[in-house]
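Novice: This is the structure I have questions about; it appears just below.
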Number of protein chains: 2
Amino acid sequence: MRKILIIGAGRSASSLVKFLLDSSDKENLKVIIADISIENANKLAQNHPNSKVLKLDIFNEVDRKREIKSADIVISMLPARFHMEVAKDCVEFEKSLVTASYISEELKALNDEVVGKGLVFMNEIGLDPGVDHMSAMQIIDRIKDQGGKMIMFESFTGGLVAPESDTNLWHYKFTWNPRNVVVAGQGGVAKFIQEGKYKYIPYNKLFRRTEFLEVENYGRFEALANRDSLKYREIYGLEDIKTLYRGTIRRVGFSRAWNIFVQLGMTDDSYIMEGSKNLSYREFTNSFLPYKPTDSVELKLRHCLKIDQDDIIWDKLLELDIFNPKKIVGLKDATPAQILQKILMESWTLEKEDKDMIVMYHKFGFELNGEKKQIESNMVVIGDDQTYTAMAKTVGLPVAIATLKILNGEIKTPGVQLPISKEVYEPILKELQSHGINFIEKEVEYLGYNPFNL
Amino acid sequence: MRKILIIGAGRSASSLVKFLLDSSDKENLKVIIADISIENANKLAQNHPNSKVLKLDIFNEVDRKREIKSADIVISMLPARFHMEVAKDCVEFEKSLVTASYISEELKALNDEVVGKGLVFMNEIGLDPGVDHMSAMQIIDRIKDQGGKMIMFESFTGGLVAPESDTNLWHYKFTWNPRNVVVAGQGGVAKFIQEGKYKYIPYNKLFRRTEFLEVENYGRFEALANRDSLKYREIYGLEDIKTLYRGTIRRVGFSRAWNIFVQLGMTDDSYIMEGSKNLSYREFTNSFLPYKPTDSVELKLRHCLKIDQDDIIWDKLLELDIFNPKKIVGLKDATPAQILQKILMESWTLEKEDKDMIVMYHKFGFELNGEKKQIESNMVVIGDDQTYTAMAKTVGLPVAIATLKILNGEIKTPGVQLPISKEVYEPILKELQSHGINFIEKEVEYLGYNPFNL
């Protein structure tokens with residue numbers, strides 16, 4: 001039997017493990033699930049006869065090297081900062097490696113050795129990065145092969161709650177790391193290019209400069225700019241592109257309401273609030289408003305942020321209970337962002353029966369035979385349950401499929417790489433389709449940038 | 001003759017040098033002016049018979065030690081980060097030292113040695129810090145001596161343009177380091193305490209949470225919160241104070257207009273703008289606005305920031321010419337803040353005949369015999385010309401006076417210190433009065449916090 005070693009058995013590994021175990025008889029696989037927590041590993045293995053679980057501390061060099069040496073291929077689902085320990089051993093013992101993380105400079109530096117030994121180090125093959133790369137490059141390559149010239153590329157991804165589980169005014173629940181949602185957009189200006197003009201959105205305007213997206217059967221969404229759009233010029237071979245924009249998808253109205261937290265300063269993660277542990281939610285909110293004992297916290301907030309009497313934003317704030325004088329923060333030495341996260345988690349945590357949803361949306365603008373054309377393509381994936389979530393499926397299945405195809409020699413070009421070549425994305429996208437991960441594509445009139453915000 | 005060594009002969013040393021040279025016959029002084037630029041030193045010395053100029057690189061240890069060794073007392077007007085080189089030599093050769101900078105942890109660590117050798121290391125004895133400490137402590141100590149209990153302290157300082165030179169719509173010109181003005185308020189939340197409640201203002205609200213101050217004969221000013229109000233609790237012995245707030249003074253309307261730059265992202269100093277050198281002012285402005293070729297930059301800006309047709313803010317923006325398509329930035333690899341600074345310097349640089357103005361304003365709230373009382377005290381200083389500016393006078397004269405009083409043994413308590421003891425502030429404030437630096441004090445009804453913003 002061929003041994004696949006999976007290091008890291010967190011939530012995002014569920015669909016990955018299931019796919020490999022489901023294929024294990026046919027493909028003659030032994031799936032070894034190694035984690036610092038044996039419970040995590042057991043949960044995923046579910047006593048499958050072709051599975052083996054293993055308690056592994058990746059900083060225990062002897063154990064780590066032994067397991068990597070005896071595997072046929074390695075998947076690292078560890079946090080990105082831990083990949084290098086694994087990668088170096090994979091070079092030493094000549095094993096191919098698959099990760100869903102961005103390629104670090106350190107990893108890239110191994111490329112010559114990896115090529116020399118004929119290994120495939122496939123990275124960025126989860127959802128985002130991953131499915132976004134493959135689905136975009138498939139269409140970009142096709143346009144180029146037909147003689148088209150790319151003039152616009154916009155790409156949006158969001159992890160959301162499924163429509164059937166969408167039960168709050170924000171149309172949002174935490175389906176992934178809540179902290180990333182609270183601090184999203186901080187740490188640098190959002191920078192992109194539109195019709196050849198560089199544009200910059202500072203954090204305090206980020207949630208007011210959204211654009212709309214329509215997805216058939218799912219209605220309207222909004223997108224806010226990511227920080228890092230421009231790096232995709234080089235990766236996707238779009239050096240001369242006039243418009244390049246990447247964004248995060250939310251349901252319409254989320255950002256306008258979230259902006260209240262940004263404006264108040266509640267998303268700040270850079271300082272500790274005095275006496276945070278004993279603050280009530282109401283006092284927390286009041287900390288960001290002027291001192292004025294004869295006015296209510298409510299009226300001060302409405303006035304400070306000019307929120308009309310009948311604005312739906314207000315109901316969204318009430319739903320989160322941020323004016324409650326009895327609920328206590330209970331977090332010692334906490335930053336505003338940490339306190340806000342706690343408050344949000346009380347409202348936005350998935351219920352037992354809730355399902356999540358992944359939405360991805362691409363827009364491709366190009367010139368072909370002197371004509372401007374536009375293709376739009378979107379994918380919606382709904383989770384099965386709270387184990388096999390849409391997030392776990394869209395992250396894990398591409399990893400699993402890529403691993404098997406590398407093991408079987410179908411993907412064989414060696415090197416430290418991401419899935420942007422036909423050899424890689426064609427077979428993987430094809431197989432993803434049979435697992436419900438597929439894109440709906442349509443040609444539309446060339447609309448250029450941001451047609452709904454006219 | 002007694003030798004006073006002044007290291008650092010920048011603009012802020014003009015009044016300092018003049019005071020010492022003016023006193024030099026009577027006080028039997030030799031004033032040695034040392035700078036890396038002999039021209040700077042010559043400009044200040046003006047061939048006065050009791051002066052000596054000297055080219056000194058403070059990193060030349062031999063030269064530095066020789067000069068410090070042969071002096072009777074040393075003044076360091078260097079940038080704060082260079083004081084330690086001088087301070088260590090002063091300890092070694094047993095010379096007292098005077099600076100206008102905040103006491104660093106490193107300098108504080110020399111205290112035992114300084115005390116052991118009976119030296120006075122007087123710091124924070126310029127304007128702010130300096131005059132603010134002395135003028136505040138004089139009244140705080142008096143209130144406490146009378147049996148009063150401090151309940152509120154607010155303190156505001158601003159470097160502005162004198163009324164007779166106030167010729168633009170912003171009522172502002174650069175009288176000090178322009179860069180500090182452009183990035184003011186960044187790098188941390190403004191934090192203070194009001195009636196026992198901690199309050200936090202994020203950068204994006206800082207310029208919208210001002211309060212008003214009235215100064216007799218000078219009209220109305222506004223103040224915005226500084227970052228560091230709370231550290232004064234300990235320094236001034238105000239541990240139980242209910243309200244503590246420090247702020248920066250501007251003319252009314254400045255902050256509301258400045259907020260436009262903050263909201264657009266033009267004050268950001270954290271990233272380089274693509275092709276900054278060849279951007280026109282209009283393109284610079286447009287970089288922060290949505291792409292929309294059928295709308296003017298003007299309308300996009302008005303819309304984005306909701307600026308009414310007849311809002312004076314608009315005239316302020318026009319005055320700075322930020323929509324000019326012909327003026328070119330001309331700065332390679334510049335940040336938004338650097339570009340904004342360049343644009344502002346074209347409008348806000350002092351003309352040859354312009355004078356500057358320093359305004360300081362304190363509010364003291366206290367309880368005495370069961371009654372709440374309030375004292376307000378303010379100082380206005382106008383510059384003589386562009387050499388003996390209000391800034392140079394208010395920074396340099398306290399340094400000069402303190403130096404002479406240490407040299408003459410009138411200030412003698414040894415240690416690394418700032419001017420908060422009666423021994424120090426009483427004689428210095430008294431002498432400052434005869435140089436036009438004096439406070440007007442009045443008792444008012446107890447108004448508590450921020451009465452004009454009701």
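By convention here, the chains of the structure tokens are called A, B, ... in the order presented, each chain's residues are numbered starting at 1, and ligands are numbered starting at 1 in the order presented.
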With a cut-off of 6 Å and counting only C-alpha atoms, select all residues of chain B in contact with chain A and give the selection as a PyMOL selection string.

Specialist: chain B and resi 199-200+202+265+287-288

Novice: For the selection you just gave me, I'd like the residues written to a file as a PDB file, in the first residue's frame, keeping C-alpha atoms.

Specialist:
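result-v3.pdb was written with the following content:
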```pdb
ATOM      1  CA  LYS B 199     -12.035  57.402  26.571  1.00  0.00           C
ATOM      2  CA  TYR B 200     -10.355  56.358  23.329  1.00  0.00           C
ATOM      3  CA  PRO B 202      -9.216  56.372  16.916  1.00  0.00           C
ATOM      4  CA  GLY B 265      -5.885  58.449   3.169  1.00  0.00           C
ATOM      5  CA  SER B 287      -5.860  58.022  -6.469  1.00  0.00           C
ATOM      6  CA  PHE B 288      -7.984  57.990  -3.343  1.00  0.00           C
TER       7      PHE B 288
END
```

Novice: Would you please give, as a PDB file with N, CA and C atoms, in the first residue's frame, all residues of stretch 121-322 of chain B that DSSP assigns to helix (DSSP H, G or I) based on the backbone?

Specialist:
```pdb
ATOM      1  N   VAL B 131       7.605  74.647  29.621  1.00  0.00           N
ATOM      2  CA  VAL B 131       6.736  75.685  30.166  1.00  0.00           C
ATOM      3  C   VAL B 131       5.411  75.078  30.635  1.00  0.00           C
ATOM      4  N   ASP B 132       4.940  74.048  29.906  1.00  0.00           N
ATOM      5  CA  ASP B 132       3.689  73.397  30.335  1.00  0.00           C
ATOM      6  C   ASP B 132       3.822  72.801  31.732  1.00  0.00           C
ATOM      7  N   HIS B 133       4.937  72.074  31.971  1.00  0.00           N
ATOM      8  CA  HIS B 133       5.166  71.486  33.302  1.00  0.00           C
ATOM      9  C   HIS B 133       5.170  72.564  34.383  1.00  0.00           C
ATOM     10  N   MET B 134       5.974  73.595  34.125  1.00  0.00           N
ATOM     11  CA  MET B 134       6.207  74.598  35.181  1.00  0.00           C
ATOM     12  C   MET B 134       4.936  75.370  35.495  1.00  0.00           C
ATOM     13  N   SER B 135       4.247  75.808  34.445  1.00  0.00           N
ATOM     14  CA  SER B 135       3.053  76.631  34.662  1.00  0.00           C
ATOM     15  C   SER B 135       1.924  75.808  35.271  1.00  0.00           C
ATOM     16  N   ALA B 136       1.868  74.537  34.933  1.00  0.00           N
ATOM     17  CA  ALA B 136       0.829  73.676  35.518  1.00  0.00           C
ATOM     18  C   ALA B 136       1.159  73.374  36.980  1.00  0.00           C
ATOM     19  N   MET B 137       2.396  73.013  37.242  1.00  0.00           N
ATOM     20  CA  MET B 137       2.758  72.611  38.604  1.00  0.00           C
ATOM     21  C   MET B 137       2.660  73.780  39.577  1.00  0.00           C
ATOM     22  N   GLN B 138       2.924  74.985  39.096  1.00  0.00           N
ATOM     23  CA  GLN B 138       2.822  76.154  39.982  1.00  0.00           C
ATOM     24  C   GLN B 138       1.392  76.277  40.526  1.00  0.00           C
ATOM     25  N   ILE B 139       0.418  76.095  39.658  1.00  0.00           N
ATOM     26  CA  ILE B 139      -0.978  76.230  40.098  1.00  0.00           C
ATOM     27  C   ILE B 139      -1.440  74.982  40.858  1.00  0.00           C
ATOM     28  N   ILE B 140      -1.030  73.808  40.398  1.00  0.00           N
ATOM     29  CA  ILE B 140      -1.414  72.566  41.101  1.00  0.00           C
ATOM     30  C   ILE B 140      -0.882  72.580  42.532  1.00  0.00           C
ATOM     31  N   ASP B 141       0.388  72.954  42.681  1.00  0.00           N
ATOM     32  CA  ASP B 141       0.971  73.007  44.030  1.00  0.00           C
ATOM     33  C   ASP B 141       0.246  74.036  44.896  1.00  0.00           C
ATOM     34  N   ARG B 142      -0.100  75.169  44.313  1.00  0.00           N
ATOM     35  CA  ARG B 142      -0.792  76.208  45.075  1.00  0.00           C
ATOM     36  C   ARG B 142      -2.158  75.707  45.544  1.00  0.00           C
ATOM     37  N   ILE B 143      -2.878  75.051  44.645  1.00  0.00           N
ATOM     38  CA  ILE B 143      -4.194  74.501  45.009  1.00  0.00           C
ATOM     39  C   ILE B 143      -4.044  73.487  46.143  1.00  0.00           C
ATOM     40  N   LYS B 144      -3.051  72.614  46.005  1.00  0.00           N
ATOM     41  CA  LYS B 144      -2.838  71.601  47.057  1.00  0.00           C
ATOM     42  C   LYS B 144      -2.407  72.251  48.376  1.00  0.00           C
ATOM     43  N   ASP B 145      -1.538  73.271  48.298  1.00  0.00           N
ATOM     44  CA  ASP B 145      -1.071  73.944  49.519  1.00  0.00           C
ATOM     45  C   ASP B 145      -2.231  74.598  50.267  1.00  0.00           C
ATOM     46  N   PRO B 163      -1.738  86.422  14.478  1.00  0.00           N
ATOM     47  CA  PRO B 163      -2.917  86.989  13.817  1.00  0.00           C
ATOM     48  C   PRO B 163      -2.534  87.918  12.658  1.00  0.00           C
ATOM     49  N   GLU B 164      -1.492  88.721  12.830  1.00  0.00           N
ATOM     50  CA  GLU B 164      -1.123  89.665  11.772  1.00  0.00           C
ATOM     51  C   GLU B 164      -0.552  88.964  10.538  1.00  0.00           C
ATOM     52  N   SER B 165      -0.176  87.711  10.658  1.00  0.00           N
ATOM     53  CA  SER B 165       0.373  86.970   9.513  1.00  0.00           C
ATOM     54  C   SER B 165      -0.573  85.861   9.056  1.00  0.00           C
ATOM     55  N   PRO B 178       7.155  70.434   9.497  1.00  0.00           N
ATOM     56  CA  PRO B 178       5.907  70.133   8.786  1.00  0.00           C
ATOM     57  C   PRO B 178       5.520  68.655   8.844  1.00  0.00           C
ATOM     58  N   ARG B 179       6.522  67.813   8.816  1.00  0.00           N
ATOM     59  CA  ARG B 179       6.229  66.381   8.838  1.00  0.00           C
ATOM     60  C   ARG B 179       5.423  65.981  10.075  1.00  0.00           C
ATOM     61  N   ASN B 180       5.806  66.541  11.216  1.00  0.00           N
ATOM     62  CA  ASN B 180       5.079  66.214  12.452  1.00  0.00           C
ATOM     63  C   ASN B 180       3.614  66.607  12.358  1.00  0.00           C
ATOM     64  N   VAL B 181       3.340  67.683  11.635  1.00  0.00           N
ATOM     65  CA  VAL B 181       1.948  68.119  11.483  1.00  0.00           C
ATOM     66  C   VAL B 181       1.182  67.134  10.602  1.00  0.00           C
ATOM     67  N   VAL B 182       1.831  66.690   9.532  1.00  0.00           N
ATOM     68  CA  VAL B 182       1.148  65.804   8.581  1.00  0.00           C
ATOM     69  C   VAL B 182       0.816  64.451   9.212  1.00  0.00           C
ATOM     70  N   TYR B 203      -7.782  57.287  15.224  1.00  0.00           N
ATOM     71  CA  TYR B 203      -7.248  58.321  14.325  1.00  0.00           C
ATOM     72  C   TYR B 203      -8.315  58.887  13.403  1.00  0.00           C
ATOM     73  N   ASN B 204      -9.190  58.004  12.906  1.00  0.00           N
ATOM     74  CA  ASN B 204     -10.153  58.482  11.913  1.00  0.00           C
ATOM     75  C   ASN B 204     -11.256  59.365  12.513  1.00  0.00           C
ATOM     76  N   LYS B 205     -11.300  59.466  13.836  1.00  0.00           N
ATOM     77  CA  LYS B 205     -12.273  60.373  14.484  1.00  0.00           C
ATOM     78  C   LYS B 205     -11.579  61.534  15.202  1.00  0.00           C
ATOM     79  N   LEU B 206     -10.261  61.477  15.259  1.00  0.00           N
ATOM     80  CA  LEU B 206      -9.513  62.429  16.086  1.00  0.00           C
ATOM     81  C   LEU B 206      -9.831  63.882  15.741  1.00  0.00           C
ATOM     82  N   SER B 229      -2.058  61.549  27.181  1.00  0.00           N
ATOM     83  CA  SER B 229      -2.517  62.310  28.350  1.00  0.00           C
ATOM     84  C   SER B 229      -2.246  61.622  29.689  1.00  0.00           C
ATOM     85  N   LEU B 230      -2.381  60.312  29.733  1.00  0.00           N
ATOM     86  CA  LEU B 230      -2.428  59.639  31.026  1.00  0.00           C
ATOM     87  C   LEU B 230      -1.103  59.603  31.776  1.00  0.00           C
ATOM     88  N   LYS B 231      -0.003  59.721  31.058  1.00  0.00           N
ATOM     89  CA  LYS B 231       1.278  59.638  31.767  1.00  0.00           C
ATOM     90  C   LYS B 231       1.483  60.822  32.724  1.00  0.00           C
ATOM     91  N   TYR B 232       0.705  61.880  32.537  1.00  0.00           N
ATOM     92  CA  TYR B 232       0.871  63.045  33.403  1.00  0.00           C
ATOM     93  C   TYR B 232       0.280  62.847  34.790  1.00  0.00           C
ATOM     94  N   ARG B 233      -0.533  61.809  34.943  1.00  0.00           N
ATOM     95  CA  ARG B 233      -1.054  61.506  36.280  1.00  0.00           C
ATOM     96  C   ARG B 233       0.079  61.352  37.270  1.00  0.00           C
ATOM     97  N   GLU B 234       1.037  60.524  36.897  1.00  0.00           N
ATOM     98  CA  GLU B 234       2.118  60.223  37.817  1.00  0.00           C
ATOM     99  C   GLU B 234       3.073  61.418  37.940  1.00  0.00           C
ATOM    100  N   ILE B 235       3.425  62.002  36.792  1.00  0.00           N
ATOM    101  CA  ILE B 235       4.403  63.083  36.795  1.00  0.00           C
ATOM    102  C   ILE B 235       3.929  64.261  37.646  1.00  0.00           C
ATOM    103  N   PHE B 254      -9.815  74.233  11.420  1.00  0.00           N
ATOM    104  CA  PHE B 254      -8.672  73.522  10.854  1.00  0.00           C
ATOM    105  C   PHE B 254      -8.936  72.013  10.834  1.00  0.00           C
ATOM    106  N   SER B 255      -9.354  71.479  11.962  1.00  0.00           N
ATOM    107  CA  SER B 255      -9.452  70.022  12.101  1.00  0.00           C
ATOM    108  C   SER B 255     -10.531  69.431  11.209  1.00  0.00           C
ATOM    109  N   ARG B 256     -11.636  70.130  11.091  1.00  0.00           N
ATOM    110  CA  ARG B 256     -12.726  69.619  10.255  1.00  0.00           C
ATOM    111  C   ARG B 256     -12.266  69.507   8.795  1.00  0.00           C
ATOM    112  N   ALA B 257     -11.458  70.463   8.370  1.00  0.00           N
ATOM    113  CA  ALA B 257     -10.931  70.413   6.999  1.00  0.00           C
ATOM    114  C   ALA B 257      -9.804  69.385   6.887  1.00  0.00           C
ATOM    115  N   TRP B 258      -8.949  69.340   7.878  1.00  0.00           N
ATOM    116  CA  TRP B 258      -7.839  68.366   7.871  1.00  0.00           C
ATOM    117  C   TRP B 258      -8.378  66.934   7.795  1.00  0.00           C
ATOM    118  N   ASN B 259      -9.515  66.731   8.435  1.00  0.00           N
ATOM    119  CA  ASN B 259     -10.153  65.413   8.429  1.00  0.00           C
ATOM    120  C   ASN B 259     -10.377  64.883   7.004  1.00  0.00           C
ATOM    121  N   ILE B 260     -10.558  65.770   6.059  1.00  0.00           N
ATOM    122  CA  ILE B 260     -10.711  65.341   4.665  1.00  0.00           C
ATOM    123  C   ILE B 260      -9.471  64.550   4.219  1.00  0.00           C
ATOM    124  N   PHE B 261      -8.296  65.057   4.564  1.00  0.00           N
ATOM    125  CA  PHE B 261      -7.054  64.350   4.200  1.00  0.00           C
ATOM    126  C   PHE B 261      -6.974  62.995   4.905  1.00  0.00           C
ATOM    127  N   VAL B 262      -7.371  62.996   6.166  1.00  0.00           N
ATOM    128  CA  VAL B 262      -7.351  61.736   6.927  1.00  0.00           C
ATOM    129  C   VAL B 262      -8.279  60.722   6.279  1.00  0.00           C
ATOM    130  N   GLN B 263      -9.501  61.164   5.974  1.00  0.00           N
ATOM    131  CA  GLN B 263     -10.489  60.244   5.418  1.00  0.00           C
ATOM    132  C   GLN B 263     -10.070  59.732   4.039  1.00  0.00           C
ATOM    133  N   LEU B 264      -9.473  60.588   3.242  1.00  0.00           N
ATOM    134  CA  LEU B 264      -9.030  60.164   1.911  1.00  0.00           C
ATOM    135  C   LEU B 264      -7.866  59.183   1.989  1.00  0.00           C
ATOM    136  N   SER B 276       4.915  57.966  -8.198  1.00  0.00           N
ATOM    137  CA  SER B 276       4.619  59.221  -7.491  1.00  0.00           C
ATOM    138  C   SER B 276       5.241  60.441  -8.170  1.00  0.00           C
ATOM    139  N   LYS B 277       6.418  60.250  -8.743  1.00  0.00           N
ATOM    140  CA  LYS B 277       7.148  61.390  -9.289  1.00  0.00           C
ATOM    141  C   LYS B 277       6.362  62.124 -10.375  1.00  0.00           C
ATOM    142  N   ASN B 278       5.667  61.373 -11.215  1.00  0.00           N
ATOM    143  CA  ASN B 278       5.001  61.993 -12.359  1.00  0.00           C
ATOM    144  C   ASN B 278       3.515  62.259 -12.144  1.00  0.00           C
ATOM    145  N   TYR B 281      -1.040  66.871  -9.155  1.00  0.00           N
ATOM    146  CA  TYR B 281      -1.790  67.012  -7.900  1.00  0.00           C
ATOM    147  C   TYR B 281      -3.194  66.417  -8.072  1.00  0.00           C
ATOM    148  N   ARG B 282      -3.752  66.626  -9.241  1.00  0.00           N
ATOM    149  CA  ARG B 282      -5.096  66.097  -9.516  1.00  0.00           C
ATOM    150  C   ARG B 282      -5.100  64.562  -9.508  1.00  0.00           C
ATOM    151  N   GLU B 283      -4.093  63.974 -10.118  1.00  0.00           N
ATOM    152  CA  GLU B 283      -4.004  62.514 -10.113  1.00  0.00           C
ATOM    153  C   GLU B 283      -3.768  61.972  -8.701  1.00  0.00           C
ATOM    154  N   PHE B 284      -2.951  62.679  -7.951  1.00  0.00           N
ATOM    155  CA  PHE B 284      -2.732  62.298  -6.549  1.00  0.00           C
ATOM    156  C   PHE B 284      -4.076  62.237  -5.823  1.00  0.00           C
ATOM    157  N   THR B 285      -4.861  63.278  -5.946  1.00  0.00           N
ATOM    158  CA  THR B 285      -6.169  63.322  -5.290  1.00  0.00           C
ATOM    159  C   THR B 285      -7.075  62.209  -5.803  1.00  0.00           C
ATOM    160  N   ASN B 286      -7.048  62.008  -7.095  1.00  0.00           N
ATOM    161  CA  ASN B 286      -7.899  60.999  -7.726  1.00  0.00           C
ATOM    162  C   ASN B 286      -7.543  59.567  -7.307  1.00  0.00           C
ATOM    163  N   VAL B 297     -13.062  64.679 -10.744  1.00  0.00           N
ATOM    164  CA  VAL B 297     -12.422  64.401  -9.456  1.00  0.00           C
ATOM    165  C   VAL B 297     -13.121  65.213  -8.364  1.00  0.00           C
ATOM    166  N   GLU B 298     -13.473  66.439  -8.712  1.00  0.00           N
ATOM    167  CA  GLU B 298     -14.128  67.317  -7.728  1.00  0.00           C
ATOM    168  C   GLU B 298     -15.428  66.700  -7.217  1.00  0.00           C
ATOM    169  N   LEU B 299     -16.269  66.273  -8.151  1.00  0.00           N
ATOM    170  CA  LEU B 299     -17.563  65.746  -7.711  1.00  0.00           C
ATOM    171  C   LEU B 299     -17.395  64.436  -6.946  1.00  0.00           C
ATOM    172  N   LYS B 300     -16.457  63.621  -7.398  1.00  0.00           N
ATOM    173  CA  LYS B 300     -16.226  62.366  -6.685  1.00  0.00           C
ATOM    174  C   LYS B 300     -15.802  62.645  -5.244  1.00  0.00           C
ATOM    175  N   LEU B 301     -14.938  63.633  -5.072  1.00  0.00           N
ATOM    176  CA  LEU B 301     -14.477  63.947  -3.717  1.00  0.00           C
ATOM    177  C   LEU B 301     -15.628  64.512  -2.873  1.00  0.00           C
ATOM    178  N   ARG B 302     -16.370  65.443  -3.436  1.00  0.00           N
ATOM    179  CA  ARG B 302     -17.529  65.993  -2.720  1.00  0.00           C
ATOM    180  C   ARG B 302     -18.485  64.875  -2.304  1.00  0.00           C
ATOM    181  N   HIS B 303     -18.735  63.951  -3.234  1.00  0.00           N
ATOM    182  CA  HIS B 303     -19.678  62.871  -2.948  1.00  0.00           C
ATOM    183  C   HIS B 303     -19.128  61.925  -1.885  1.00  0.00           C
ATOM    184  N   CYS B 304     -17.881  61.519  -2.083  1.00  0.00           N
ATOM    185  CA  CYS B 304     -17.261  60.533  -1.194  1.00  0.00           C
ATOM    186  C   CYS B 304     -17.239  61.047   0.242  1.00  0.00           C
ATOM    187  N   ILE B 312     -17.271  75.688   3.575  1.00  0.00           N
ATOM    188  CA  ILE B 312     -15.976  76.402   3.557  1.00  0.00           C
ATOM    189  C   ILE B 312     -14.802  75.437   3.383  1.00  0.00           C
ATOM    190  N   ILE B 313     -14.998  74.177   3.791  1.00  0.00           N
ATOM    191  CA  ILE B 313     -13.967  73.159   3.575  1.00  0.00           C
ATOM    192  C   ILE B 313     -13.519  73.153   2.120  1.00  0.00           C
ATOM    193  N   TRP B 314     -14.472  73.313   1.234  1.00  0.00           N
ATOM    194  CA  TRP B 314     -14.168  73.227  -0.190  1.00  0.00           C
ATOM    195  C   TRP B 314     -13.204  74.329  -0.615  1.00  0.00           C
ATOM    196  N   ASP B 315     -13.445  75.529  -0.112  1.00  0.00           N
ATOM    197  CA  ASP B 315     -12.541  76.638  -0.435  1.00  0.00           C
ATOM    198  C   ASP B 315     -11.138  76.382   0.119  1.00  0.00           C
ATOM    199  N   LYS B 316     -11.095  75.722   1.252  1.00  0.00           N
ATOM    200  CA  LYS B 316      -9.786  75.384   1.826  1.00  0.00           C
ATOM    201  C   LYS B 316      -9.027  74.407   0.918  1.00  0.00           C
ATOM    202  N   LEU B 317      -9.755  73.455   0.378  1.00  0.00           N
ATOM    203  CA  LEU B 317      -9.104  72.499  -0.523  1.00  0.00           C
ATOM    204  C   LEU B 317      -8.645  73.196  -1.808  1.00  0.00           C
ATOM    205  N   LEU B 318      -9.501  74.061  -2.339  1.00  0.00           N
ATOM    206  CA  LEU B 318      -9.136  74.790  -3.561  1.00  0.00           C
ATOM    207  C   LEU B 318      -7.908  75.663  -3.330  1.00  0.00           C
ATOM    208  N   GLU B 319      -7.846  76.276  -2.175  1.00  0.00           N
ATOM    209  CA  GLU B 319      -6.703  77.136  -1.853  1.00  0.00           C
ATOM    210  C   GLU B 319      -5.385  76.371  -1.942  1.00  0.00           C
ATOM    211  N   LEU B 320      -5.429  75.075  -1.645  1.00  0.00           N
ATOM    212  CA  LEU B 320      -4.213  74.255  -1.686  1.00  0.00           C
ATOM    213  C   LEU B 320      -3.930  73.715  -3.088  1.00  0.00           C
TER     214      LEU B 320
END
```

Novice: Grab the atom CA of A:Glu371 to atom CA of A:Gly148 distance for me, in Å with one decimal place.

Specialist: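 About the pair atom CA of A:Glu371 and atom CA of A:Gly148: they are 9.4 Å apart.
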
Novice: Would you kindly return, as a list of chain:residue names, each protein, DNA or RNA residue with an atom no farther than 7 Å from any atom of stretch 83-91 of chain A, considering only C-alpha atoms and excluding same-chain residues fewer than 6 positions away?

Specialist: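 Once the nearby chain positions are removed, what remains is A:Lys65, A:Ile68, A:Ser76, A:Leu97, A:Leu107, A:Val114.
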
Novice: If I take atom CA of A:Val444 and atom CA of A:Val380, how far is one from the other in Å, to one decimal?

Specialist: 19.2 Å

Novice: Using only C-alpha atoms, which protein or nucleic acid residues come within 9 Å of B:Asn50? Drop anything in the same chain fewer than 4 positions from it, and give the result as a PyMOL selection string.

Specialist: chain B and resi 21+24-25+28-32+45

Novice: Name the residues of stretch 292-417 of chain B that fall into strand (DSSP E or B) according to DSSP on the backbone, using the chain letters and numbers of this document, as JSON, numbers by chain.

Specialist: {"B": [328, 349, 356, 357, 358, 359, 360, 361, 362, 363, 364, 365, 366, 367, 368, 371, 372, 373, 374, 375, 376, 377, 378, 379, 380, 381, 382, 415, 416, 417]}
